[in-house]
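Novice: So here's target_20.txt, just compact mmCIF, C-alpha atoms:
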# COMPACT_ATOMS: atom_id res chain seq x y z
CA THR A 629 0.00 0.00 0.00
CA VAL A 630 1.28 3.44 -0.95
CA ASN A 631 0.83 6.26 1.55
CA MET A 632 0.20 9.25 -0.70
CA ALA A 633 0.96 11.60 2.17
CA ASP A 634 4.56 10.34 2.22
CA LEU A 635 6.53 10.32 -1.05
CA SER A 636 9.20 8.13 0.55
CA SER A 637 6.76 5.22 0.34
CA TRP A 638 7.64 5.13 -3.38
CA ASP A 639 11.37 4.74 -2.74
CA SER A 640 11.26 0.95 -2.93
CA VAL A 641 8.97 0.86 -5.97
CA GLY A 642 10.61 0.30 -9.32
CA PRO A 643 11.43 0.61 -12.03
CA TYR A 644 11.27 4.28 -12.86
CA TYR A 645 9.86 4.95 -16.32
CA VAL A 646 12.05 7.70 -17.78
CA ALA A 647 10.65 10.38 -20.11
CA TYR A 648 12.42 13.00 -22.20
CA LYS A 649 13.09 16.27 -20.35
CA ASN A 650 13.13 19.88 -21.56
CA ASN A 651 10.83 19.26 -24.52
CA ILE A 652 8.00 21.70 -23.80
CA SER A 653 9.53 24.89 -25.20
CA ASP A 654 7.38 27.24 -27.26
CA ARG A 655 7.74 26.75 -31.00
CA ASN A 656 7.85 29.50 -33.60
CA SER A 657 9.32 28.40 -36.92
CA LYS A 658 8.93 29.32 -40.55
CA GLY A 659 7.14 26.79 -42.71
CA TYR A 660 6.45 26.55 -46.42
CA GLY A 661 6.01 29.87 -48.19
CA SER A 662 4.50 32.45 -45.87
CA LEU A 663 3.41 29.91 -43.25
CA THR A 664 4.68 30.11 -39.67
CA TYR A 665 4.19 27.24 -37.23
CA THR A 666 3.66 28.22 -33.60
CA ASP A 667 2.83 26.25 -30.47
CA GLU A 668 2.76 27.43 -26.87
CA SER A 669 1.02 24.42 -25.29
CA GLY A 670 4.01 23.20 -23.24
CA ARG A 671 3.06 23.21 -19.57
CA ASN A 672 4.05 20.31 -17.28
CA ASP A 673 7.33 18.72 -18.38
CA ILE A 674 6.80 15.02 -17.57
CA THR A 675 10.11 13.36 -16.63
CA GLY A 676 9.12 9.96 -15.27
CA ALA A 677 6.53 7.65 -13.76
CA LYS A 678 6.01 4.63 -11.53
CA ILE A 679 3.15 2.23 -10.85
CA ALA A 680 2.33 0.20 -7.75
CA ARG A 681 -0.59 -1.95 -6.63
CA ASP A 682 -2.10 -3.60 -3.60
CA ASN A 683 -5.14 -5.83 -3.22
CA ASP A 684 -7.62 -3.05 -3.96
CA TYR A 685 -5.93 -0.16 -5.75
CA ILE A 686 -3.60 0.89 -8.54
CA TYR A 687 -1.27 3.77 -7.64
CA ILE A 688 0.27 6.04 -10.29
CA TYR A 689 3.27 8.28 -9.63
CA ILE A 690 4.06 10.99 -12.19
CA GLU A 691 7.09 13.24 -11.84
CA CYS A 692 7.59 16.56 -13.61
CA ALA A 693 10.57 18.86 -13.98
CA ASP A 694 8.86 21.63 -12.01
CA THR A 695 5.88 22.05 -9.69
CA VAL A 696 2.79 20.37 -11.12
CA THR A 697 0.15 22.90 -12.13
CA GLN A 698 -3.36 22.84 -10.72
CA PRO A 699 -6.06 20.93 -12.65
CA SER A 700 -7.43 22.54 -15.81
CA GLU A 701 -8.38 21.49 -19.33
CA ASN A 702 -6.29 18.63 -20.81
CA TRP A 703 -4.48 18.28 -17.48
CA MET A 704 -2.19 15.32 -16.70
CA THR A 705 -4.21 12.73 -18.58
CA VAL A 706 -3.44 9.03 -18.08
CA TYR A 707 -4.39 6.51 -20.77
CA LEU A 708 -4.66 2.85 -19.76
CA ASP A 709 -4.65 -0.30 -21.86
CA ASN A 710 -5.79 -3.33 -19.88
CA VAL A 711 -4.41 -6.09 -22.08
CA GLN A 712 -6.48 -8.82 -20.41
CA ASN A 713 -9.84 -7.27 -21.25
CA GLY A 714 -9.30 -7.39 -24.99
CA LEU A 715 -11.29 -4.18 -25.45
CA ASP A 716 -11.01 -2.13 -28.60
CA GLY A 717 -11.38 1.23 -26.87
CA TRP A 718 -9.76 4.20 -28.60
CA GLU A 719 -6.46 3.69 -30.44
CA SER A 720 -5.82 0.56 -28.29
CA PHE A 721 -6.53 2.35 -24.98
CA ASP A 722 -9.43 1.11 -22.83
CA TYR A 723 -9.61 3.66 -20.01
CA VAL A 724 -8.60 7.26 -19.36
CA ILE A 725 -8.09 9.31 -16.20
CA ASN A 726 -8.50 13.10 -16.18
CA LYS A 727 -10.23 13.39 -19.54
CA THR A 728 -12.70 15.19 -17.30
CA VAL A 729 -11.10 17.98 -15.25
CA PRO A 730 -10.73 16.83 -11.60
CA VAL A 731 -12.84 18.45 -8.90
CA GLY A 732 -11.38 18.87 -5.44
CA ASN A 733 -9.02 15.92 -4.98
CA THR A 734 -11.17 13.55 -7.07
CA VAL A 735 -10.35 12.22 -10.53
CA THR A 736 -12.82 10.54 -12.88
CA VAL A 737 -12.03 7.16 -14.41
CA GLU A 738 -13.67 6.72 -17.81
CA ARG A 739 -13.95 3.84 -20.26
CA PHE A 740 -13.84 4.29 -24.01
CA THR A 741 -17.11 3.17 -25.56
CA ASN A 742 -15.62 1.92 -28.87
CA ASN A 743 -17.13 4.99 -30.55
CA GLY A 744 -14.11 7.13 -31.29
CA TYR A 745 -12.98 9.32 -28.39
CA GLU A 746 -16.33 8.96 -26.61
CA THR A 747 -16.19 7.76 -22.99
CA GLU A 748 -18.42 6.89 -20.06
CA ALA A 749 -17.58 7.28 -16.37
CA VAL A 750 -16.94 4.03 -14.51
CA GLY A 751 -15.51 5.27 -11.22
CA THR A 752 -13.56 7.88 -9.33
CA GLY A 753 -10.19 8.07 -7.62
CA GLU A 754 -8.02 10.36 -5.56
CA PHE A 755 -5.07 12.55 -6.47
CA VAL A 756 -2.42 14.44 -4.52
CA ILE A 757 0.05 17.02 -5.78
CA THR A 758 3.28 17.25 -3.82
CA GLY A 759 5.64 19.72 -5.45
CA ASN A 760 6.68 18.25 -8.79
CA VAL A 761 4.94 14.91 -8.20
CA LEU A 762 1.36 13.90 -8.96
CA GLN A 763 -0.01 10.74 -7.34
CA ILE A 764 -3.24 9.05 -8.40
CA LYS A 765 -5.08 6.21 -6.69
CA ILE A 766 -7.86 4.28 -8.45
CA LYS A 767 -9.75 1.05 -7.76
CA ARG A 768 -8.45 -1.98 -9.63
CA THR A 769 -11.98 -3.15 -10.36
CA ASP A 770 -12.82 0.15 -12.10
CA ILE A 771 -10.36 -0.73 -14.87
CA GLY A 772 -11.23 -4.43 -15.01
CA ILE A 773 -8.29 -5.83 -13.03
CA MET A 774 -9.60 -8.80 -11.07
CA SER A 775 -6.44 -10.82 -10.38
CA ASP A 776 -2.77 -10.26 -9.58
CA ASN A 777 -1.63 -11.50 -12.98
CA PHE A 778 -2.11 -8.68 -15.45
CA THR A 779 -0.44 -6.38 -17.92
CA LEU A 780 -1.31 -2.70 -17.88
CA ASN A 781 0.07 -0.48 -20.63
CA PHE A 782 -0.09 3.24 -19.94
CA LYS A 783 0.71 6.69 -21.24
CA VAL A 784 0.75 10.14 -19.60
CA THR A 785 0.04 13.40 -21.43
CA ASP A 786 -0.40 17.02 -20.44
CA ASN A 787 -2.10 19.82 -22.35
CA VAL A 788 -2.49 17.80 -25.54
CA SER A 789 -5.47 19.06 -27.52
CA LEU A 790 -6.55 15.72 -28.96
CA ASN A 791 -10.08 16.11 -30.25
CA GLY A 792 -9.89 12.38 -30.88
CA ASP A 793 -6.85 12.61 -33.17
CA ILE A 794 -3.96 10.58 -31.74
CA MET A 795 -1.50 12.29 -34.08
CA ASN A 796 -1.75 15.34 -31.81
CA PHE A 797 0.47 13.39 -29.42
CA TYR A 798 3.27 14.60 -31.69
CA THR A 799 2.36 18.26 -31.92
CA SER A 800 1.20 19.73 -28.60
CA GLY A 801 1.78 19.61 -24.85
CA ASP A 802 3.94 16.82 -23.44
CA VAL A 803 3.65 13.07 -23.86
CA ALA A 804 5.36 10.20 -22.03
CA PRO A 805 6.53 8.04 -23.64
CA THR A 806 6.88 9.86 -26.93
CA GLY A 807 4.44 9.61 -29.82
CA ARG A 808 2.29 6.48 -29.91
CA PHE A 809 4.54 4.37 -27.69
CA LYS A 810 3.40 3.06 -24.28
CA TYR A 811 4.95 2.00 -21.02
CA SER A 812 4.06 -1.55 -19.98
CA TYR A 813 3.53 -2.69 -16.39
CA ILE A 814 3.50 -6.46 -15.84
CA SER A 815 2.24 -7.81 -12.53
CA THR A 816 2.63 -11.38 -11.33
CA GLY A 817 0.64 -13.17 -8.65
CA ASP A 818 3.61 -13.81 -6.37
CA TYR A 819 4.65 -10.11 -6.40
CA THR A 820 8.21 -11.12 -7.35
CA VAL A 821 9.94 -11.72 -10.66
CA SER A 822 13.52 -12.90 -10.93
CA THR A 823 15.83 -10.73 -12.99
CA ASP A 824 19.53 -10.69 -13.73
CA ASN A 825 19.80 -6.96 -14.30
CA VAL A 826 18.81 -4.81 -11.32
CA ASP A 827 20.15 -1.32 -10.63
CA ASP A 828 19.91 -1.76 -6.85
CA PRO A 829 22.36 -4.48 -5.73
CA SER A 830 20.47 -4.86 -2.43
CA ASP A 831 17.56 -6.41 -4.35
CA ASN A 832 19.58 -9.58 -4.99
CA GLY A 833 17.91 -10.07 -8.33
CA ASP A 834 14.32 -9.82 -7.07
CA VAL A 835 12.21 -6.87 -8.08
CA LYS A 836 9.01 -6.60 -6.09
CA ALA A 837 5.46 -5.82 -7.14
CA SER A 838 6.05 -4.05 -10.42
CA GLU A 839 8.04 -6.06 -12.89
CA ILE A 840 8.07 -4.09 -16.06
CA ILE A 841 8.91 -4.10 -19.70
CA ILE A 842 9.36 -0.53 -20.90
CA VAL A 843 8.07 -0.11 -24.43
CA SER A 844 10.25 2.71 -25.68
CA SER A 845 11.32 4.23 -28.92
CA VAL A 846 14.94 3.59 -27.95
CA THR A 847 14.35 -0.16 -27.59
CA VAL A 848 12.47 -0.35 -30.87
CA SER A 849 15.15 1.66 -32.68
CA VAL A 850 17.92 -0.63 -31.40
CA LEU A 851 16.00 -3.70 -32.56
CA ILE A 852 15.41 -2.21 -36.00
CA ILE A 853 19.09 -1.32 -36.37
CA ALA A 854 20.15 -4.82 -35.26
CA ILE A 855 17.80 -6.45 -37.76
CA ALA A 856 19.06 -4.19 -40.54
CA ILE A 857 22.69 -5.04 -39.76
CA ILE A 858 21.97 -8.78 -39.78
CA ALA A 859 20.06 -8.52 -43.07
CA PHE A 860 22.89 -6.50 -44.67
CA ALA A 861 25.49 -9.00 -43.49
CA LYS A 862 23.53 -11.91 -44.97
CA LYS A 863 23.08 -10.04 -48.27
CA LYS A 864 26.87 -9.48 -48.58
CA LYS A 865 27.47 -13.22 -48.15
Show this structure as structure tokens.
Specialist:
Amino acid sequence: TVNMADLSSWDSVGPYYVAYKNNISDRNSKGYGSLTYTDESGRNDITGAKIARDNDYIYIYIECADTVTQPSENWMTVYLDNVQNGLDGWESFDYVINKTVPVGNTVTVERFTNNGYETEAVGTGEFVITGNVLQIKIKRTDIGIMSDNFTLNFKVTDNVSLNGDIMNFYTSGDVAPTGRFKYSYISTGDYTVSTDNVDDPSDNGDVKASEIIIVSSVTVSVLIIAIAIIAFAKKKK
């Protein structure tokens, strides 16, 4: 269980999903002919995230470069893809948090209805802002998680004016991870997965509660380059 009143309760949770920093600057560049492209939608610079769970809740930790702004339109939106449910949702996402602007310390959890960007409310959760960190707590059952064995892909955006067009992930606000990529959280029933590559030597190869595969553009790029090299080598033979 995460105590959202104490950020140190996240210290033992890993891994940390890294996001690009310093990518929310205003844009003002000449385009074709007399066109000029401008964008001033950069607001919260998302730098990383974590996820944790207990028997009843999913906890989301989002870190920004500076103090998180107060809720407003298109604020700190979290898209969730519950792989187990097999839902079509919107652009592979099944649920969304903060599509509706939070009221007080309450966020709305919504499910995509399979009709474009249309959603329906399925529950509520809590959020806390502590300096440059936003924490969100939602019920597992509200996003269809009924067991301890599940995969939850997720994405965090801020001030992206979507209007149902996912390509706007590339043009406004901030998005983590970049573009159409997702982070992937894999949970196992025994809360522990063995690994041979752990940053913290005190873990002795066991990473608790949140064993993750990070779906990133870097990983994909490396794989593509490796495949290209192998194909080129075979062609030369």
Novice: So that I can check the surroundings of Asp802 of chain A, please list as an MDAnalysis selection string every protein, DNA and RNA residue that reaches within 9 Å of it, counting all atoms listed in the file and ignoring chain neighbours fewer than 6 positions away.
Specialist: chainID A and resid 651:652 669:674 784:788
Novice: Within 12 Å of Ile794 of chain A, counting only C-alpha atoms, which residues qualify if same-chain residues fewer than 2 places away don't, as a PyMOL selection string?
Specialist: chain A and resi 707+718-721+744-745+785+788-792+796-800+803+806-809
Novice: Counting all atoms listed in the file, which residue out of A:Asn726, A:Thr675, A:Asn760, A:Thr736 sits closest to Thr695 of chain A?
Specialist: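 The shortest atom-to-atom distance to Thr695 of chain A comes from A:Asn760.
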Novice: Skip Ile766 of chain A itself and residues of its chain fewer than 3 positions away, then list as a list in words all residues within 10 Å of it, counting only C-alpha atoms.
Specialist: Arg681, Asp684, Tyr685, Ile686, Tyr687, Ile688, Ile725, Thr734, Val735, Thr736, Val737, Gly751, Thr752, Gly753, Glu754, Phe755, Thr769, Asp770 and Ile771 of chain A
Novice: One number please: atom CA of Cys692 of chain A to atom CA of Thr747 of chain A, in Å, one decimal.
Specialist: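 For atom CA of Cys692 of chain A relative to atom CA of Thr747 of chain A, the distance reads 27.0 Å.
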Novice: Please measure the separation of atom CA of Arg655 of chain A and atom CA of Phe782 of chain A, giving the value in Å to one decimal.
Specialist: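 Rounded to one decimal, the two atoms are 27.1 Å apart.
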Novice: I'd like the interatomic distance between atom CA of Tyr644 of chain A and atom CA of Ile757 of chain A, to a tenth of an Å.
Specialist: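 We find that atom CA of Tyr644 of chain A and atom CA of Ile757 of chain A lie 18.4 Å from each other.
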Novice: Excluding same-chain residues fewer than 2 positions from segment 709-711 of chain A, what lies within 10 Å of it counting only C-alpha atoms, as a list in words?
Specialist: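 Listed by chain and then number, they are Tyr707, Asn713, Gly714, Leu715, Asp716, Gly717, Trp718, Glu719, Ser720, Phe721, Asp722, Tyr723, Val724, Ile771, Gly772, Ile773, Phe778, Thr779, Leu780, Asn781, Phe782, Lys783, Lys810, Tyr811, Ser812 and Tyr813 of chain A.
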